[in-house]
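Here's the structure we're looking at; comments come further down.
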Amino acid sequence: MAAPPSTPAIEFRDVAMSFGEKLVFEGVSFKLGRGETLFLLGVTGTGKSVLLKLTLGLLKPDAGQILIDGQDIVPIPEVELRPIRQRMGIVFQEGALFDSLSVYENVAYWMRETGVTDEDAIEGRVREVLGFVEMEAAIDKMPAELSGGMRRRVSIARAIVSQPSIMLYDSPTAGLDPVTSHTINILIAKLRDMRHVTSVVVSHRIQDAFFLVNFAYSPETKGLVPVGSDGGPKQISATRFLVLRDSGVYFEGDHDSIARSGDPYLQKFLV
Amino acid sequence: MGDFAKRSVLAVQEFLYLLYDSCRVILTPPRYLVDTLVQMDTIGVGSLPIVLLTGFFTGAVLALQTYRTLQTFGEAALMGEAVALSVVRELGPVLTALMVAGRNSSGIASELGSMLVSEQIDAMRALGTDPHRKLVAPRLHATLLTLPLLTILSDFTALIGGYIMSATVAHLTYDQYWTSAYTSLDYQDVTQGLIKPFFFAIVIALVGCYFGLKTTGGTEGVGRSTTRAMVTASVWILVLDLFITRFLIGIGFA
């Protein structure tokens with residue numbers, strides 16, 4: 001699966017999607033390069049979550065192509081999607097942890113599904129990824145005992161067990177207080193800057209997006225530092241913005257063009 | 001009207017596909033034996049108290065009711081036969097299935113429904129698991145394995161209930177009751193009573209899974225699915241019972 005480095009990690013070509021009579025969107029096309037971050041904005045019902053599910057192949061579009069690392073996943077049957085999905089991790093809106101399983105088993109789930117039986121190997125890996133999201137203390141807890149922010153962090157841990165090169169986040173900070181939101185943003189930046197993961201972030205909060213454009217993860221301070229300052233990387237990979245509106249792409253561009261755009265509709269997202 | 005017919009045909013098609021898919025997955029790994037055992041515990045062992053109670057009281061009340069009729073003809077000694085035949089052929093399988101449906105079709109629908117609306121089923125698919133394999137098949141197999149056993153136990157407690165009434169109300173002896181019950185039963189009666197649970201098990205498990213996986217509209221939708229699963233499963237058990245009985249009589253089996 002060695003696609004050339006110039007191949008986009010994710011590419012949508014003229015994708016149309018509807019549920020029964022209801023059109024969600026049509027003619028959606030965009031490309032996202034490796035390591036880049038895409039912020040997906042739009043009001044409720046414009047199909048942001050649907051777009052994430054299409055990327056994973058959880059839903060099939062009515063028309064168009066969806067290419068992951070250059071491979072069109074639309075005609076691939078569910079059973080053969082597994083190796084492609086393995087390269088992607090998804091964090092659902094409320095975390096979507098399996099509530100009958102402990103945090104440990106949730107994170108270990110993928111390894112068990114792939115047939116790993118060596119318990120030491122599983123435990124080692126589970127502790128490693130829980131350490132990455134700083135949730136090792138909750139290893140034996142059940143999802144119901146966790147707060148919303150903790151649940152999402154465990155969900156990120158579960159998603160990164162397979163070391164995906166693409167991460168999809170569905171409203172990762174929705175409904176969280178500013179402090180908890182910040183810890184989630186740190187994790188998104190950490191995966192982007194340390195693992196060079198391609199990210200798609202569905203968000204209602206453009207502050208999160210601008211924050212991630214201007215700050216980078218610093219392994220020394222274990223927090224975010226302004227891009228280019230001491231201890232942080234000199235530059236970070238590109239961040240792109242995609243705004244969905246009225247069954248299609250309303251805006252696509254980088255941080256500067258959305259910030260400077262005088263468009264009244266986009267202005268509503270900026271305030 | 002046309003819309004209703006279309007939806008009904010579609011529902012039957014999806015239901016049969018679910019059945020096909022949960023049988024097909026037995027052929028290839030992964031098989032999720034642990035999940036099947038857990039479901040056998042939940043569905044089988046969990047339903048045991050309610051099934052035994054239902055059996056006992058059905059048998060007891062059946063004995064009381066038939067006693068009146070039989071007494072008119074001076075044939076109270078046939079109480080064992082009356083209870084055994086109606087319980088083993090009909091009431092045991094149907095009432096057990098209805099009780100298990102009430103407890104588990106709804107339970108399965110609400111469990112899968114909540115997993116669906118909280119995106120756990122999508123998360124499962126994203127992690128490479130086939131939900132039919134992991135969730136539907138173990139529930140179907142567990143119900144198929146446990147419902148016939150529950151039916152046998154329920155039949156037995158019904159006979160005990162019948163005996164207690166025969167001994168206390170009609171003053172029958174132990175031998176009178178049990179000999180009459182035992183000799184009245186043919187192999188065909190027992191087989192008929194044990195064929196039915198397999199069909200009922202398919203209805204109980206898959207109606208629950210079907211409505212659970214079709215849930216829409218958040219937590220409110222879960223409540224709706226739960227009720228619809230229980231009602232649909234119960235009605236189908238009664239309808240199927242008539243057809244199976246008619247079919248078995250038709251082929252000269254009963």
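For the structure tokens, the naming scheme is as follows: chains receive sequential letters (A, B, ...) according to their order of presentation, residues are indexed from 1 within each chain, and ligands are indexed from 1 in presentation order.
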
**Request:** Using DSSP on the backbone coordinates, identify the residues of stretch 4-88 of chain A assigned to strand (DSSP E or B); present them as a PyMOL selection string.
**Result:** chain A and resi 10-19+22-32+37-41+63-68+71-72+88

Store the residues picked out above in a file with N, CA and C atoms, as an mmCIF file, in the first residue's frame.
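Written out: part-v9.cif:
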```cif
data_model
loop_
_atom_site.group_PDB
_atom_site.id
_atom_site.type_symbol
_atom_site.label_atom_id
_atom_site.label_comp_id
_atom_site.auth_asym_id
_atom_site.auth_seq_id
_atom_site.Cartn_x
_atom_site.Cartn_y
_atom_site.Cartn_z
ATOM 1 N N ILE A 10 -6.615 11.918 2.021
ATOM 2 C CA ILE A 10 -8.057 11.780 1.815
ATOM 3 C C ILE A 10 -8.440 12.625 0.608
ATOM 4 N N GLU A 11 -9.201 12.059 -0.293
ATOM 5 C CA GLU A 11 -9.706 12.860 -1.407
ATOM 6 C C GLU A 11 -11.158 12.487 -1.675
ATOM 7 N N PHE A 12 -12.012 13.502 -1.740
ATOM 8 C CA PHE A 12 -13.417 13.307 -2.134
ATOM 9 C C PHE A 12 -13.562 13.842 -3.543
ATOM 10 N N ARG A 13 -14.182 13.047 -4.418
ATOM 11 C CA ARG A 13 -14.420 13.516 -5.779
ATOM 12 C C ARG A 13 -15.907 13.489 -6.073
ATOM 13 N N ASP A 14 -16.489 14.668 -6.064
ATOM 14 C CA ASP A 14 -17.875 14.826 -6.487
ATOM 15 C C ASP A 14 -18.830 13.885 -5.738
ATOM 16 N N VAL A 15 -18.699 13.875 -4.425
ATOM 17 C CA VAL A 15 -19.474 12.931 -3.618
ATOM 18 C C VAL A 15 -20.878 13.471 -3.349
ATOM 19 N N ALA A 16 -21.871 12.615 -3.546
ATOM 20 C CA ALA A 16 -23.256 12.969 -3.234
ATOM 21 C C ALA A 16 -23.801 11.960 -2.246
ATOM 22 N N MET A 17 -24.607 12.453 -1.307
ATOM 23 C CA MET A 17 -25.138 11.572 -0.278
ATOM 24 C C MET A 17 -26.538 12.023 0.091
ATOM 25 N N SER A 18 -27.445 11.061 0.188
ATOM 26 C CA SER A 18 -28.784 11.408 0.664
ATOM 27 C C SER A 18 -29.323 10.247 1.491
ATOM 28 N N PHE A 19 -30.255 10.577 2.396
ATOM 29 C CA PHE A 19 -30.945 9.541 3.161
ATOM 30 C C PHE A 19 -32.373 9.511 2.666
ATOM 31 N N LYS A 22 -34.120 12.727 1.421
ATOM 32 C CA LYS A 22 -33.449 13.917 1.920
ATOM 33 C C LYS A 22 -32.001 13.993 1.438
ATOM 34 N N LEU A 23 -31.714 15.018 0.671
ATOM 35 C CA LEU A 23 -30.357 15.209 0.168
ATOM 36 C C LEU A 23 -29.494 15.799 1.278
ATOM 37 N N VAL A 24 -28.368 15.159 1.569
ATOM 38 C CA VAL A 24 -27.468 15.719 2.579
ATOM 39 C C VAL A 24 -26.491 16.673 1.901
ATOM 40 N N PHE A 25 -25.764 16.167 0.928
ATOM 41 C CA PHE A 25 -24.942 17.066 0.092
ATOM 42 C C PHE A 25 -24.663 16.418 -1.245
ATOM 43 N N GLU A 26 -24.254 17.256 -2.193
ATOM 44 C CA GLU A 26 -23.840 16.717 -3.483
ATOM 45 C C GLU A 26 -22.674 17.547 -4.003
ATOM 46 N N GLY A 27 -21.904 16.946 -4.902
ATOM 47 C CA GLY A 27 -20.788 17.657 -5.513
ATOM 48 C C GLY A 27 -19.706 18.060 -4.532
ATOM 49 N N VAL A 28 -19.502 17.274 -3.486
ATOM 50 C CA VAL A 28 -18.459 17.616 -2.512
ATOM 51 C C VAL A 28 -17.122 17.041 -2.977
ATOM 52 N N SER A 29 -16.159 17.931 -3.202
ATOM 53 C CA SER A 29 -14.819 17.503 -3.598
ATOM 54 C C SER A 29 -13.804 18.258 -2.764
ATOM 55 N N PHE A 30 -12.811 17.553 -2.289
ATOM 56 C CA PHE A 30 -11.679 18.229 -1.635
ATOM 57 C C PHE A 30 -10.537 17.239 -1.531
ATOM 58 N N LYS A 31 -9.347 17.779 -1.301
ATOM 59 C CA LYS A 31 -8.169 16.937 -1.105
ATOM 60 C C LYS A 31 -7.516 17.336 0.208
ATOM 61 N N LEU A 32 -6.987 16.354 0.896
ATOM 62 C CA LEU A 32 -6.265 16.653 2.128
ATOM 63 C C LEU A 32 -4.935 15.911 2.089
ATOM 64 N N THR A 37 -4.301 19.145 8.432
ATOM 65 C CA THR A 37 -5.485 19.121 9.288
ATOM 66 C C THR A 37 -6.624 19.812 8.556
ATOM 67 N N LEU A 38 -7.784 19.181 8.558
ATOM 68 C CA LEU A 38 -8.947 19.796 7.927
ATOM 69 C C LEU A 38 -9.978 20.100 8.999
ATOM 70 N N PHE A 39 -10.395 21.347 9.080
ATOM 71 C CA PHE A 39 -11.494 21.701 9.974
ATOM 72 C C PHE A 39 -12.770 21.755 9.171
ATOM 73 N N LEU A 40 -13.751 21.027 9.631
ATOM 74 C CA LEU A 40 -15.008 20.912 8.918
ATOM 75 C C LEU A 40 -16.037 21.707 9.702
ATOM 76 N N LEU A 41 -16.508 22.788 9.108
ATOM 77 C CA LEU A 41 -17.453 23.643 9.808
ATOM 78 C C LEU A 41 -18.796 23.617 9.099
ATOM 79 N N ALA A 63 -23.117 8.757 -4.997
ATOM 80 C CA ALA A 63 -22.296 8.946 -6.193
ATOM 81 C C ALA A 63 -20.955 9.518 -5.768
ATOM 82 N N GLY A 64 -19.957 9.384 -6.640
ATOM 83 C CA GLY A 64 -18.655 9.982 -6.381
ATOM 84 C C GLY A 64 -17.639 8.972 -5.889
ATOM 85 N N GLN A 65 -16.416 9.453 -5.749
ATOM 86 C CA GLN A 65 -15.332 8.586 -5.288
ATOM 87 C C GLN A 65 -14.760 9.135 -3.987
ATOM 88 N N ILE A 66 -14.342 8.243 -3.120
ATOM 89 C CA ILE A 66 -13.665 8.633 -1.876
ATOM 90 C C ILE A 66 -12.353 7.872 -1.852
ATOM 91 N N LEU A 67 -11.256 8.611 -1.940
ATOM 92 C CA LEU A 67 -9.958 7.950 -2.018
ATOM 93 C C LEU A 67 -9.199 8.112 -0.712
ATOM 94 N N ILE A 68 -8.758 6.997 -0.165
ATOM 95 C CA ILE A 68 -7.915 7.009 1.023
ATOM 96 C C ILE A 68 -6.538 6.537 0.582
ATOM 97 N N GLN A 71 -6.645 5.165 -2.848
ATOM 98 C CA GLN A 71 -7.464 4.001 -3.174
ATOM 99 C C GLN A 71 -8.949 4.337 -2.982
ATOM 100 N N ASP A 72 -9.732 4.094 -4.014
ATOM 101 C CA ASP A 72 -11.161 4.387 -3.927
ATOM 102 C C ASP A 72 -11.842 3.340 -3.055
ATOM 103 N N MET A 88 -7.092 4.289 9.964
ATOM 104 C CA MET A 88 -7.835 5.465 10.414
ATOM 105 C C MET A 88 -8.352 5.243 11.829
#
```

**Request:** With a distance threshold of 10 Å and counting only C-alpha atoms, extract the residues of chain A near chain B and express them as a PyMOL selection string.
**Result:** chain A and resi 53+56-59+78-86+88-99+109-111+113-115+155+158-159+162

Save out the residues we just selected, C-alpha atoms, as a JSON list (two decimals), in the first residue's frame.
```
[["chain", "number", "residue", "atom", "x", "y", "z"],
["A", 53, "LYS", "CA", -18.57, 8.24, 8.30],
["A", 56, "LEU", "CA", -14.37, 5.47, 7.07],
["A", 57, "GLY", "CA", -16.69, 3.62, 4.72],
["A", 58, "LEU", "CA", -19.35, 3.31, 7.45],
["A", 59, "LEU", "CA", -21.75, 4.84, 4.95],
["A", 78, "GLU", "CA", -17.39, -4.11, 4.16],
["A", 79, "VAL", "CA", -15.34, -7.22, 4.95],
["A", 80, "GLU", "CA", -12.40, -6.01, 2.85],
["A", 81, "LEU", "CA", -12.41, -2.51, 4.34],
["A", 82, "ARG", "CA", -10.73, -3.70, 7.51],
["A", 83, "PRO", "CA", -7.09, -3.04, 6.48],
["A", 84, "ILE", "CA", -8.06, 0.43, 5.27],
["A", 85, "ARG", "CA", -10.00, 1.27, 8.43],
["A", 86, "GLN", "CA", -6.99, 0.14, 10.42],
["A", 88, "MET", "CA", -7.84, 5.47, 10.41],
["A", 89, "GLY", "CA", -9.00, 6.24, 13.91],
["A", 90, "ILE", "CA", -12.27, 7.93, 14.80],
["A", 91, "VAL", "CA", -13.39, 9.73, 17.92],
["A", 92, "PHE", "CA", -17.17, 9.93, 18.03],
["A", 93, "GLN", "CA", -19.13, 12.80, 19.49],
["A", 94, "GLU", "CA", -19.70, 11.32, 22.94],
["A", 95, "GLY", "CA", -16.73, 8.99, 22.75],
["A", 96, "ALA", "CA", -18.86, 5.92, 21.91],
["A", 97, "LEU", "CA", -16.95, 3.74, 24.38],
["A", 98, "PHE", "CA", -18.41, 0.26, 24.80],
["A", 99, "ASP", "CA", -20.21, 0.64, 28.12],
["A", 109, "TYR", "CA", -10.56, -4.16, 21.88],
["A", 110, "TRP", "CA", -8.85, -3.67, 18.54],
["A", 111, "MET", "CA", -5.89, -5.86, 19.51],
["A", 113, "GLU", "CA", -10.18, -8.38, 17.45],
["A", 114, "THR", "CA", -7.01, -8.74, 15.39],
["A", 115, "GLY", "CA", -6.22, -11.95, 17.24],
["A", 155, "SER", "CA", -11.82, 7.22, 22.95],
["A", 158, "ARG", "CA", -8.78, 3.47, 21.66],
["A", 159, "ALA", "CA", -8.53, 5.04, 18.21],
["A", 162, "SER", "CA", -3.67, 0.68, 15.65]]
```

**Selection: 10 Å around B:Met165, only C-alpha atoms, excl. self and same-chain fewer than 6 positions, as a list of chain:residue names** = B:Gly59, B:Ala60, B:Val61, B:Leu62, B:Ala63, B:Leu64, B:Tyr67, B:Met79, B:Leu159, B:His171, B:Leu172

Create the file for the chosen residues now, containing C-alpha atoms and written as a CSV table (one decimal), in the first residue's frame.
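Once everything was written out, this is part-v5.csv:
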```
chain,number,residue,atom,x,y,z
B,59,GLY,CA,-49.9,-26.2,35.4
B,60,ALA,CA,-51.6,-25.6,38.7
B,61,VAL,CA,-54.4,-23.5,37.3
B,62,LEU,CA,-54.9,-25.9,34.4
B,63,ALA,CA,-55.4,-28.8,36.8
B,64,LEU,CA,-58.0,-26.8,38.7
B,67,TYR,CA,-60.8,-30.9,37.4
B,79,MET,CA,-56.1,-34.9,35.3
B,159,LEU,CA,-46.6,-31.0,35.7
B,171,HIS,CA,-57.1,-36.2,46.2
B,172,LEU,CA,-55.4,-38.2,43.5
```

**Prompt:** Using the chain letters and numbers from this document, which residues of stretch 39-164 of chain B does DSSP assign to alpha helix (DSSP H), as a PyMOL selection string?
**Reply:** chain B and resi 39+46-72+79-86+92-100+106-117+120-126+131+137-164
